[in-house]
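Here is work.txt, consisting of compact mmCIF, N, CA and C atoms:
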```
# COMPACT_ATOMS: atom_id res chain seq x y z
N MET O 109 -27.46 2.01 -10.44
CA MET O 109 -26.29 2.72 -9.98
C MET O 109 -25.67 3.45 -11.17
N ALA O 110 -25.25 4.68 -10.96
CA ALA O 110 -24.69 5.50 -12.04
C ALA O 110 -23.28 5.03 -12.39
N LYS O 111 -22.98 5.06 -13.67
CA LYS O 111 -21.65 4.70 -14.15
C LYS O 111 -20.76 5.94 -14.13
N ILE O 112 -19.56 5.80 -13.58
CA ILE O 112 -18.62 6.92 -13.51
C ILE O 112 -17.85 6.98 -14.82
N GLU O 113 -17.86 8.14 -15.44
CA GLU O 113 -17.14 8.32 -16.69
C GLU O 113 -16.08 9.39 -16.52
N GLN O 114 -14.97 9.19 -17.20
CA GLN O 114 -13.88 10.15 -17.15
C GLN O 114 -14.25 11.39 -17.95
N GLY O 115 -13.88 12.55 -17.42
CA GLY O 115 -14.16 13.81 -18.10
C GLY O 115 -13.29 14.00 -19.33
N LYS O 116 -13.67 14.97 -20.17
CA LYS O 116 -12.94 15.24 -21.40
C LYS O 116 -12.20 16.57 -21.35
N LEU O 117 -12.20 17.24 -20.19
CA LEU O 117 -11.56 18.55 -20.06
C LEU O 117 -10.05 18.41 -20.05
N CYS O 118 -9.36 19.13 -20.93
CA CYS O 118 -7.90 19.13 -20.97
C CYS O 118 -7.38 20.14 -19.95
N PRO O 119 -6.51 19.71 -19.03
CA PRO O 119 -5.99 20.65 -18.03
C PRO O 119 -5.00 21.65 -18.62
N LEU O 120 -4.49 21.38 -19.81
CA LEU O 120 -3.50 22.26 -20.41
C LEU O 120 -4.12 23.45 -21.14
N ILE O 121 -5.24 23.21 -21.81
CA ILE O 121 -5.86 24.29 -22.59
C ILE O 121 -7.20 24.73 -22.03
N GLY O 122 -7.77 23.98 -21.09
CA GLY O 122 -9.04 24.34 -20.48
C GLY O 122 -10.24 24.12 -21.39
N GLU O 123 -10.10 23.28 -22.40
CA GLU O 123 -11.17 22.93 -23.32
C GLU O 123 -11.29 21.42 -23.40
N ASP O 124 -12.23 20.94 -24.22
CA ASP O 124 -12.34 19.50 -24.43
C ASP O 124 -11.07 18.97 -25.11
N CYS O 125 -10.77 17.71 -24.82
CA CYS O 125 -9.59 17.06 -25.40
C CYS O 125 -9.68 17.05 -26.93
N ARG O 126 -8.57 17.36 -27.58
CA ARG O 126 -8.53 17.38 -29.04
C ARG O 126 -8.00 16.07 -29.62
N LYS O 127 -7.72 15.13 -28.77
CA LYS O 127 -7.24 13.79 -29.12
C LYS O 127 -6.03 13.85 -30.05
N LEU O 128 -6.11 13.29 -31.24
CA LEU O 128 -4.94 13.16 -32.11
C LEU O 128 -4.40 14.50 -32.62
N GLU O 129 -5.14 15.57 -32.47
CA GLU O 129 -4.63 16.89 -32.84
C GLU O 129 -3.59 17.38 -31.84
N CYS O 130 -3.62 16.84 -30.64
CA CYS O 130 -2.72 17.27 -29.56
C CYS O 130 -1.47 16.39 -29.54
N SER O 131 -0.32 17.02 -29.37
CA SER O 131 0.93 16.25 -29.33
C SER O 131 1.11 15.49 -28.01
N TRP O 132 0.29 15.81 -27.00
CA TRP O 132 0.35 15.10 -25.73
C TRP O 132 -0.52 13.84 -25.74
N TYR O 133 -1.29 13.65 -26.79
CA TYR O 133 -2.14 12.46 -26.91
C TYR O 133 -1.23 11.33 -27.39
N THR O 134 -1.01 10.36 -26.53
CA THR O 134 0.06 9.39 -26.73
C THR O 134 -0.46 7.96 -26.62
N LYS O 135 0.17 7.08 -27.37
CA LYS O 135 -0.15 5.65 -27.27
C LYS O 135 0.79 5.02 -26.24
N VAL O 136 0.20 4.30 -25.31
CA VAL O 136 0.98 3.59 -24.30
C VAL O 136 0.74 2.10 -24.49
N ALA O 137 1.83 1.36 -24.62
CA ALA O 137 1.74 -0.10 -24.76
C ALA O 137 2.64 -0.73 -23.70
N GLY O 138 2.16 -1.75 -23.07
CA GLY O 138 2.94 -2.42 -22.03
C GLY O 138 2.05 -3.32 -21.21
N VAL O 139 2.38 -3.45 -19.93
CA VAL O 139 1.66 -4.32 -19.01
C VAL O 139 1.17 -3.48 -17.84
N ASN O 140 -0.08 -3.64 -17.47
CA ASN O 140 -0.65 -2.92 -16.34
C ASN O 140 0.04 -3.41 -15.06
N PRO O 141 0.68 -2.49 -14.30
CA PRO O 141 1.41 -2.92 -13.10
C PRO O 141 0.51 -3.41 -11.97
N GLN O 142 -0.77 -3.10 -12.03
CA GLN O 142 -1.67 -3.52 -10.95
C GLN O 142 -2.22 -4.92 -11.15
N ASN O 143 -2.45 -5.31 -12.41
CA ASN O 143 -3.05 -6.63 -12.62
C ASN O 143 -2.30 -7.50 -13.64
N GLY O 144 -1.24 -6.99 -14.27
CA GLY O 144 -0.44 -7.78 -15.19
C GLY O 144 -1.03 -7.97 -16.57
N GLU O 145 -2.15 -7.33 -16.86
CA GLU O 145 -2.78 -7.47 -18.17
C GLU O 145 -2.08 -6.56 -19.19
N PRO O 146 -2.01 -6.99 -20.46
CA PRO O 146 -1.41 -6.13 -21.48
C PRO O 146 -2.26 -4.88 -21.72
N VAL O 147 -1.58 -3.76 -21.98
CA VAL O 147 -2.25 -2.48 -22.22
C VAL O 147 -1.74 -1.92 -23.54
N GLU O 148 -2.66 -1.46 -24.37
CA GLU O 148 -2.32 -0.74 -25.59
C GLU O 148 -3.43 0.26 -25.84
N GLU O 149 -3.24 1.47 -25.33
CA GLU O 149 -4.29 2.48 -25.38
C GLU O 149 -3.73 3.83 -25.75
N TRP O 150 -4.58 4.65 -26.34
CA TRP O 150 -4.27 6.05 -26.60
C TRP O 150 -4.86 6.87 -25.47
N GLY O 151 -4.16 7.90 -25.03
CA GLY O 151 -4.66 8.77 -23.99
C GLY O 151 -3.74 9.96 -23.79
N CYS O 152 -4.18 10.87 -22.97
CA CYS O 152 -3.42 12.08 -22.67
C CYS O 152 -2.21 11.72 -21.80
N ALA O 153 -1.06 12.25 -22.15
CA ALA O 153 0.16 11.98 -21.40
C ALA O 153 0.02 12.45 -19.95
N VAL O 154 -0.71 13.54 -19.73
CA VAL O 154 -0.93 14.03 -18.36
C VAL O 154 -1.75 13.01 -17.57
N ALA O 155 -2.71 12.40 -18.21
CA ALA O 155 -3.53 11.40 -17.53
C ALA O 155 -2.75 10.10 -17.27
N TRP O 156 -1.72 9.83 -18.08
CA TRP O 156 -0.93 8.61 -17.90
C TRP O 156 0.06 8.72 -16.74
N ILE O 157 0.34 9.92 -16.26
CA ILE O 157 1.39 10.11 -15.25
C ILE O 157 1.20 9.23 -14.01
N PRO O 158 0.02 9.20 -13.34
CA PRO O 158 -0.10 8.34 -12.15
C PRO O 158 0.10 6.86 -12.47
N PHE O 159 -0.40 6.43 -13.60
CA PHE O 159 -0.26 5.04 -14.04
C PHE O 159 1.22 4.69 -14.21
N LEU O 160 1.97 5.57 -14.87
CA LEU O 160 3.39 5.32 -15.12
C LEU O 160 4.22 5.45 -13.86
N GLN O 161 3.80 6.32 -12.93
CA GLN O 161 4.51 6.43 -11.66
C GLN O 161 4.39 5.15 -10.84
N MET O 162 3.23 4.50 -10.90
CA MET O 162 3.08 3.22 -10.19
C MET O 162 4.03 2.18 -10.77
N ASP O 163 4.14 2.14 -12.08
CA ASP O 163 5.04 1.19 -12.72
C ASP O 163 6.49 1.50 -12.36
N ASN O 164 6.84 2.77 -12.37
CA ASN O 164 8.20 3.18 -12.02
C ASN O 164 8.52 2.80 -10.58
N THR O 165 7.59 3.01 -9.67
CA THR O 165 7.79 2.66 -8.26
C THR O 165 8.02 1.16 -8.11
N LYS O 166 7.28 0.38 -8.85
CA LYS O 166 7.44 -1.09 -8.80
C LYS O 166 8.87 -1.48 -9.19
N HIS O 167 9.37 -0.86 -10.27
CA HIS O 167 10.72 -1.20 -10.74
C HIS O 167 11.80 -0.69 -9.78
N VAL O 168 11.60 0.46 -9.18
CA VAL O 168 12.56 0.98 -8.20
C VAL O 168 12.62 0.06 -6.99
N ASN O 169 11.47 -0.41 -6.52
CA ASN O 169 11.45 -1.33 -5.37
C ASN O 169 12.14 -2.65 -5.71
N GLN O 170 11.93 -3.16 -6.92
CA GLN O 170 12.60 -4.39 -7.34
C GLN O 170 14.10 -4.19 -7.42
N GLN O 171 14.53 -3.03 -7.92
CA GLN O 171 15.97 -2.75 -8.01
C GLN O 171 16.58 -2.65 -6.62
N GLY O 172 15.87 -2.01 -5.69
CA GLY O 172 16.37 -1.91 -4.31
C GLY O 172 16.53 -3.28 -3.68
N ALA O 173 15.59 -4.17 -3.92
CA ALA O 173 15.68 -5.53 -3.38
C ALA O 173 16.85 -6.28 -3.99
N ALA O 174 17.09 -6.09 -5.28
CA ALA O 174 18.22 -6.75 -5.94
C ALA O 174 19.55 -6.25 -5.40
N VAL O 175 19.66 -4.95 -5.17
CA VAL O 175 20.89 -4.38 -4.62
C VAL O 175 21.13 -4.91 -3.21
N GLU O 176 20.07 -4.99 -2.41
CA GLU O 176 20.22 -5.51 -1.05
C GLU O 176 20.66 -6.98 -1.07
N THR O 177 20.10 -7.76 -1.96
CA THR O 177 20.51 -9.17 -2.08
C THR O 177 21.97 -9.27 -2.49
N PHE O 178 22.38 -8.44 -3.45
CA PHE O 178 23.78 -8.44 -3.89
C PHE O 178 24.70 -8.04 -2.73
N ARG O 179 24.31 -7.02 -1.97
CA ARG O 179 25.09 -6.58 -0.82
C ARG O 179 25.27 -7.71 0.18
N ASN O 180 24.19 -8.42 0.48
CA ASN O 180 24.25 -9.52 1.44
C ASN O 180 25.17 -10.64 0.94
N GLU O 181 25.13 -10.92 -0.35
CA GLU O 181 26.01 -11.95 -0.91
C GLU O 181 27.47 -11.54 -0.82
N VAL O 182 27.76 -10.28 -1.12
CA VAL O 182 29.14 -9.79 -1.04
C VAL O 182 29.63 -9.85 0.40
N LEU O 183 28.79 -9.43 1.35
CA LEU O 183 29.20 -9.48 2.75
C LEU O 183 29.44 -10.90 3.23
N SER O 184 28.59 -11.83 2.83
CA SER O 184 28.78 -13.21 3.28
C SER O 184 30.05 -13.81 2.67
N TYR O 185 30.42 -13.37 1.47
CA TYR O 185 31.64 -13.86 0.83
C TYR O 185 32.88 -13.21 1.43
N MET O 186 32.79 -11.91 1.72
CA MET O 186 33.96 -11.16 2.19
C MET O 186 34.19 -11.27 3.69
N ALA O 187 33.19 -11.61 4.47
CA ALA O 187 33.32 -11.64 5.94
C ALA O 187 34.48 -12.51 6.41
N PRO O 188 34.68 -13.72 5.89
CA PRO O 188 35.81 -14.51 6.36
C PRO O 188 37.16 -13.95 5.91
N ILE O 189 37.18 -13.19 4.84
CA ILE O 189 38.44 -12.71 4.29
C ILE O 189 38.90 -11.42 4.96
N VAL O 190 37.96 -10.49 5.12
CA VAL O 190 38.28 -9.18 5.67
C VAL O 190 37.87 -9.14 7.13
N THR O 191 38.83 -8.80 7.99
CA THR O 191 38.51 -8.66 9.40
C THR O 191 38.77 -7.21 9.81
N MET O 192 38.02 -6.73 10.75
CA MET O 192 38.17 -5.36 11.23
C MET O 192 39.32 -5.28 12.23
N GLN O 193 40.03 -4.16 12.19
CA GLN O 193 41.07 -3.91 13.17
C GLN O 193 40.41 -3.51 14.49
N PRO O 194 40.95 -3.96 15.60
CA PRO O 194 40.40 -3.49 16.89
C PRO O 194 40.52 -1.97 16.97
N THR O 195 39.59 -1.34 17.61
CA THR O 195 39.56 0.13 17.65
C THR O 195 40.73 0.73 18.43
N GLU O 196 41.32 0.00 19.39
CA GLU O 196 42.42 0.58 20.15
C GLU O 196 43.70 0.68 19.32
N LYS O 197 43.83 -0.07 18.25
CA LYS O 197 45.01 0.00 17.39
C LYS O 197 44.91 1.11 16.34
N LEU O 198 43.73 1.64 16.13
CA LEU O 198 43.55 2.68 15.14
C LEU O 198 44.02 4.01 15.70
N LYS O 199 44.69 4.80 14.88
CA LYS O 199 45.15 6.12 15.31
C LYS O 199 44.20 7.16 14.75
N ILE O 200 43.76 8.05 15.62
CA ILE O 200 42.91 9.15 15.19
C ILE O 200 43.80 10.26 14.67
N ILE O 201 43.54 10.69 13.46
CA ILE O 201 44.34 11.74 12.84
C ILE O 201 43.72 13.09 13.17
N ASP O 202 44.52 13.95 13.74
CA ASP O 202 44.06 15.30 14.07
C ASP O 202 44.39 16.21 12.89
N THR O 203 43.38 16.81 12.30
CA THR O 203 43.59 17.67 11.13
C THR O 203 44.39 18.91 11.49
N ASN O 204 44.36 19.32 12.74
CA ASN O 204 45.15 20.50 13.16
C ASN O 204 46.64 20.19 13.09
N GLU O 205 47.04 18.96 13.41
CA GLU O 205 48.45 18.57 13.31
C GLU O 205 48.91 18.57 11.86
N ILE O 206 48.07 18.11 10.97
CA ILE O 206 48.42 18.06 9.54
C ILE O 206 48.59 19.47 9.00
N ASN O 207 47.68 20.36 9.36
CA ASN O 207 47.74 21.73 8.86
C ASN O 207 48.91 22.52 9.48
N ALA O 208 49.32 22.19 10.72
CA ALA O 208 50.40 22.91 11.40
C ALA O 208 51.76 22.50 10.87
N ASN O 209 51.92 21.27 10.37
CA ASN O 209 53.19 20.77 9.86
C ASN O 209 53.12 20.59 8.34
N PRO O 210 53.48 21.65 7.58
CA PRO O 210 53.37 21.51 6.12
C PRO O 210 54.40 20.62 5.51
```
Rewrite the coordinates I just gave you, this time as structure tokens.
Amino acid sequence: MAKIEQGKLCPLIGEDCRKLECSWYTKVAGVNPQNGEPVEEWGCAVAWIPFLQMDNTKHVNQQGAAVETFRNEVLSYMAPIVTMQPTEKLKIIDTNEINANP
């Protein structure tokens, strides 16, 4: 079976990658978001974009879950304290009345 190898064509200049001569050739260190293994590699910043977007998505989802948990805790704490007014006691403000009476 043939081994798949990544190409060396740079999408920015249309030539082979110049590696360390290029300012977009960047070292990335961290943890792989798909398998949790440590990563410390040099590569093209353009090629790193999908990898970093997956990591960013993971953190955004975690933040959303944390905000939802915080919201639920605040609601459970505030529910006995704050009660809603019945809708028949609320007065609807007509903006035409406000504008007509300066």
Next on the checklist: I want to know what sits within 12 Å of Leu117 (chain O), based on only C-alpha atoms, with residues of the same chain fewer than 4 positions away left out; could you give that as an MDAnalysis selection string?
Outcome noted: chainID O and resid 121:127 152 154:155
Next on the checklist: Taking only chain O into account, list the residues labelled strand (DSSP E) by DSSP (computed from the backbone), as an MDAnalysis selection string.
Outcome noted: chainID O and resid 133:139 146:152
File of the preceding selection, N, CA and C atoms, as a PDB file, in the frame of the given file:
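Below is the file part.pdb, written as the result:
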```pdb
ATOM      1  N   TYR O 133      -1.290  13.650 -26.790  1.00  0.00           N
ATOM      2  CA  TYR O 133      -2.140  12.460 -26.910  1.00  0.00           C
ATOM      3  C   TYR O 133      -1.230  11.330 -27.390  1.00  0.00           C
ATOM      4  N   THR O 134      -1.010  10.360 -26.530  1.00  0.00           N
ATOM      5  CA  THR O 134       0.060   9.390 -26.730  1.00  0.00           C
ATOM      6  C   THR O 134      -0.460   7.960 -26.620  1.00  0.00           C
ATOM      7  N   LYS O 135       0.170   7.080 -27.370  1.00  0.00           N
ATOM      8  CA  LYS O 135      -0.150   5.650 -27.270  1.00  0.00           C
ATOM      9  C   LYS O 135       0.790   5.020 -26.240  1.00  0.00           C
ATOM     10  N   VAL O 136       0.200   4.300 -25.310  1.00  0.00           N
ATOM     11  CA  VAL O 136       0.980   3.590 -24.300  1.00  0.00           C
ATOM     12  C   VAL O 136       0.740   2.100 -24.490  1.00  0.00           C
ATOM     13  N   ALA O 137       1.830   1.360 -24.620  1.00  0.00           N
ATOM     14  CA  ALA O 137       1.740  -0.100 -24.760  1.00  0.00           C
ATOM     15  C   ALA O 137       2.640  -0.730 -23.700  1.00  0.00           C
ATOM     16  N   GLY O 138       2.160  -1.750 -23.070  1.00  0.00           N
ATOM     17  CA  GLY O 138       2.940  -2.420 -22.030  1.00  0.00           C
ATOM     18  C   GLY O 138       2.050  -3.320 -21.210  1.00  0.00           C
ATOM     19  N   VAL O 139       2.380  -3.450 -19.930  1.00  0.00           N
ATOM     20  CA  VAL O 139       1.660  -4.320 -19.010  1.00  0.00           C
ATOM     21  C   VAL O 139       1.170  -3.480 -17.840  1.00  0.00           C
ATOM     22  N   PRO O 146      -2.010  -6.990 -20.460  1.00  0.00           N
ATOM     23  CA  PRO O 146      -1.410  -6.130 -21.480  1.00  0.00           C
ATOM     24  C   PRO O 146      -2.260  -4.880 -21.720  1.00  0.00           C
ATOM     25  N   VAL O 147      -1.580  -3.760 -21.980  1.00  0.00           N
ATOM     26  CA  VAL O 147      -2.250  -2.480 -22.220  1.00  0.00           C
ATOM     27  C   VAL O 147      -1.740  -1.920 -23.540  1.00  0.00           C
ATOM     28  N   GLU O 148      -2.660  -1.460 -24.370  1.00  0.00           N
ATOM     29  CA  GLU O 148      -2.320  -0.740 -25.590  1.00  0.00           C
ATOM     30  C   GLU O 148      -3.430   0.260 -25.840  1.00  0.00           C
ATOM     31  N   GLU O 149      -3.240   1.470 -25.330  1.00  0.00           N
ATOM     32  CA  GLU O 149      -4.290   2.480 -25.380  1.00  0.00           C
ATOM     33  C   GLU O 149      -3.730   3.830 -25.750  1.00  0.00           C
ATOM     34  N   TRP O 150      -4.580   4.650 -26.340  1.00  0.00           N
ATOM     35  CA  TRP O 150      -4.270   6.050 -26.600  1.00  0.00           C
ATOM     36  C   TRP O 150      -4.860   6.870 -25.470  1.00  0.00           C
ATOM     37  N   GLY O 151      -4.160   7.900 -25.030  1.00  0.00           N
ATOM     38  CA  GLY O 151      -4.660   8.770 -23.990  1.00  0.00           C
ATOM     39  C   GLY O 151      -3.740   9.960 -23.790  1.00  0.00           C
ATOM     40  N   CYS O 152      -4.180  10.870 -22.970  1.00  0.00           N
ATOM     41  CA  CYS O 152      -3.420  12.080 -22.670  1.00  0.00           C
ATOM     42  C   CYS O 152      -2.210  11.720 -21.800  1.00  0.00           C
TER      43      CYS O 152
END
```
Next on the checklist: For the alpha helix (DSSP H) assignment from backbone DSSP, which residues of chain O qualify? Please present them as a PyMOL selection string.
Outcome noted: chain O and resi 153-186+203-208
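Atom N of Glu148 (chain O) is found 12.1 Å from atom N of Thr134 (chain O).
We find atom N of Phe178 (chain O) and CA of Pro141 (chain O) to be spaced 23.7 Å apart.
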Checklist entry - Looking at O:Ala137, O:Val168, O:Val147, O:Ala153, which one is nearest to Pro119 (chain O), with distances taken over only C-alpha atoms? => result O:Ala153
Would you compute, for all listed atoms of region 137-145 of chain O, the axis-aligned bounding box grown by 4 Å on each side, and then report its centre and edge lengths in Å rounded to one decimal, as JSON?
```
{"center_x": -0.1, "center_y": -3.3, "center_z": -17.9, "size_x": 14.0, "size_y": 17.3, "size_z": 21.8}
```
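Between atom N of Tyr185 (chain O) and CA of Gly172 (chain O) lies a distance of 19.0 Å.
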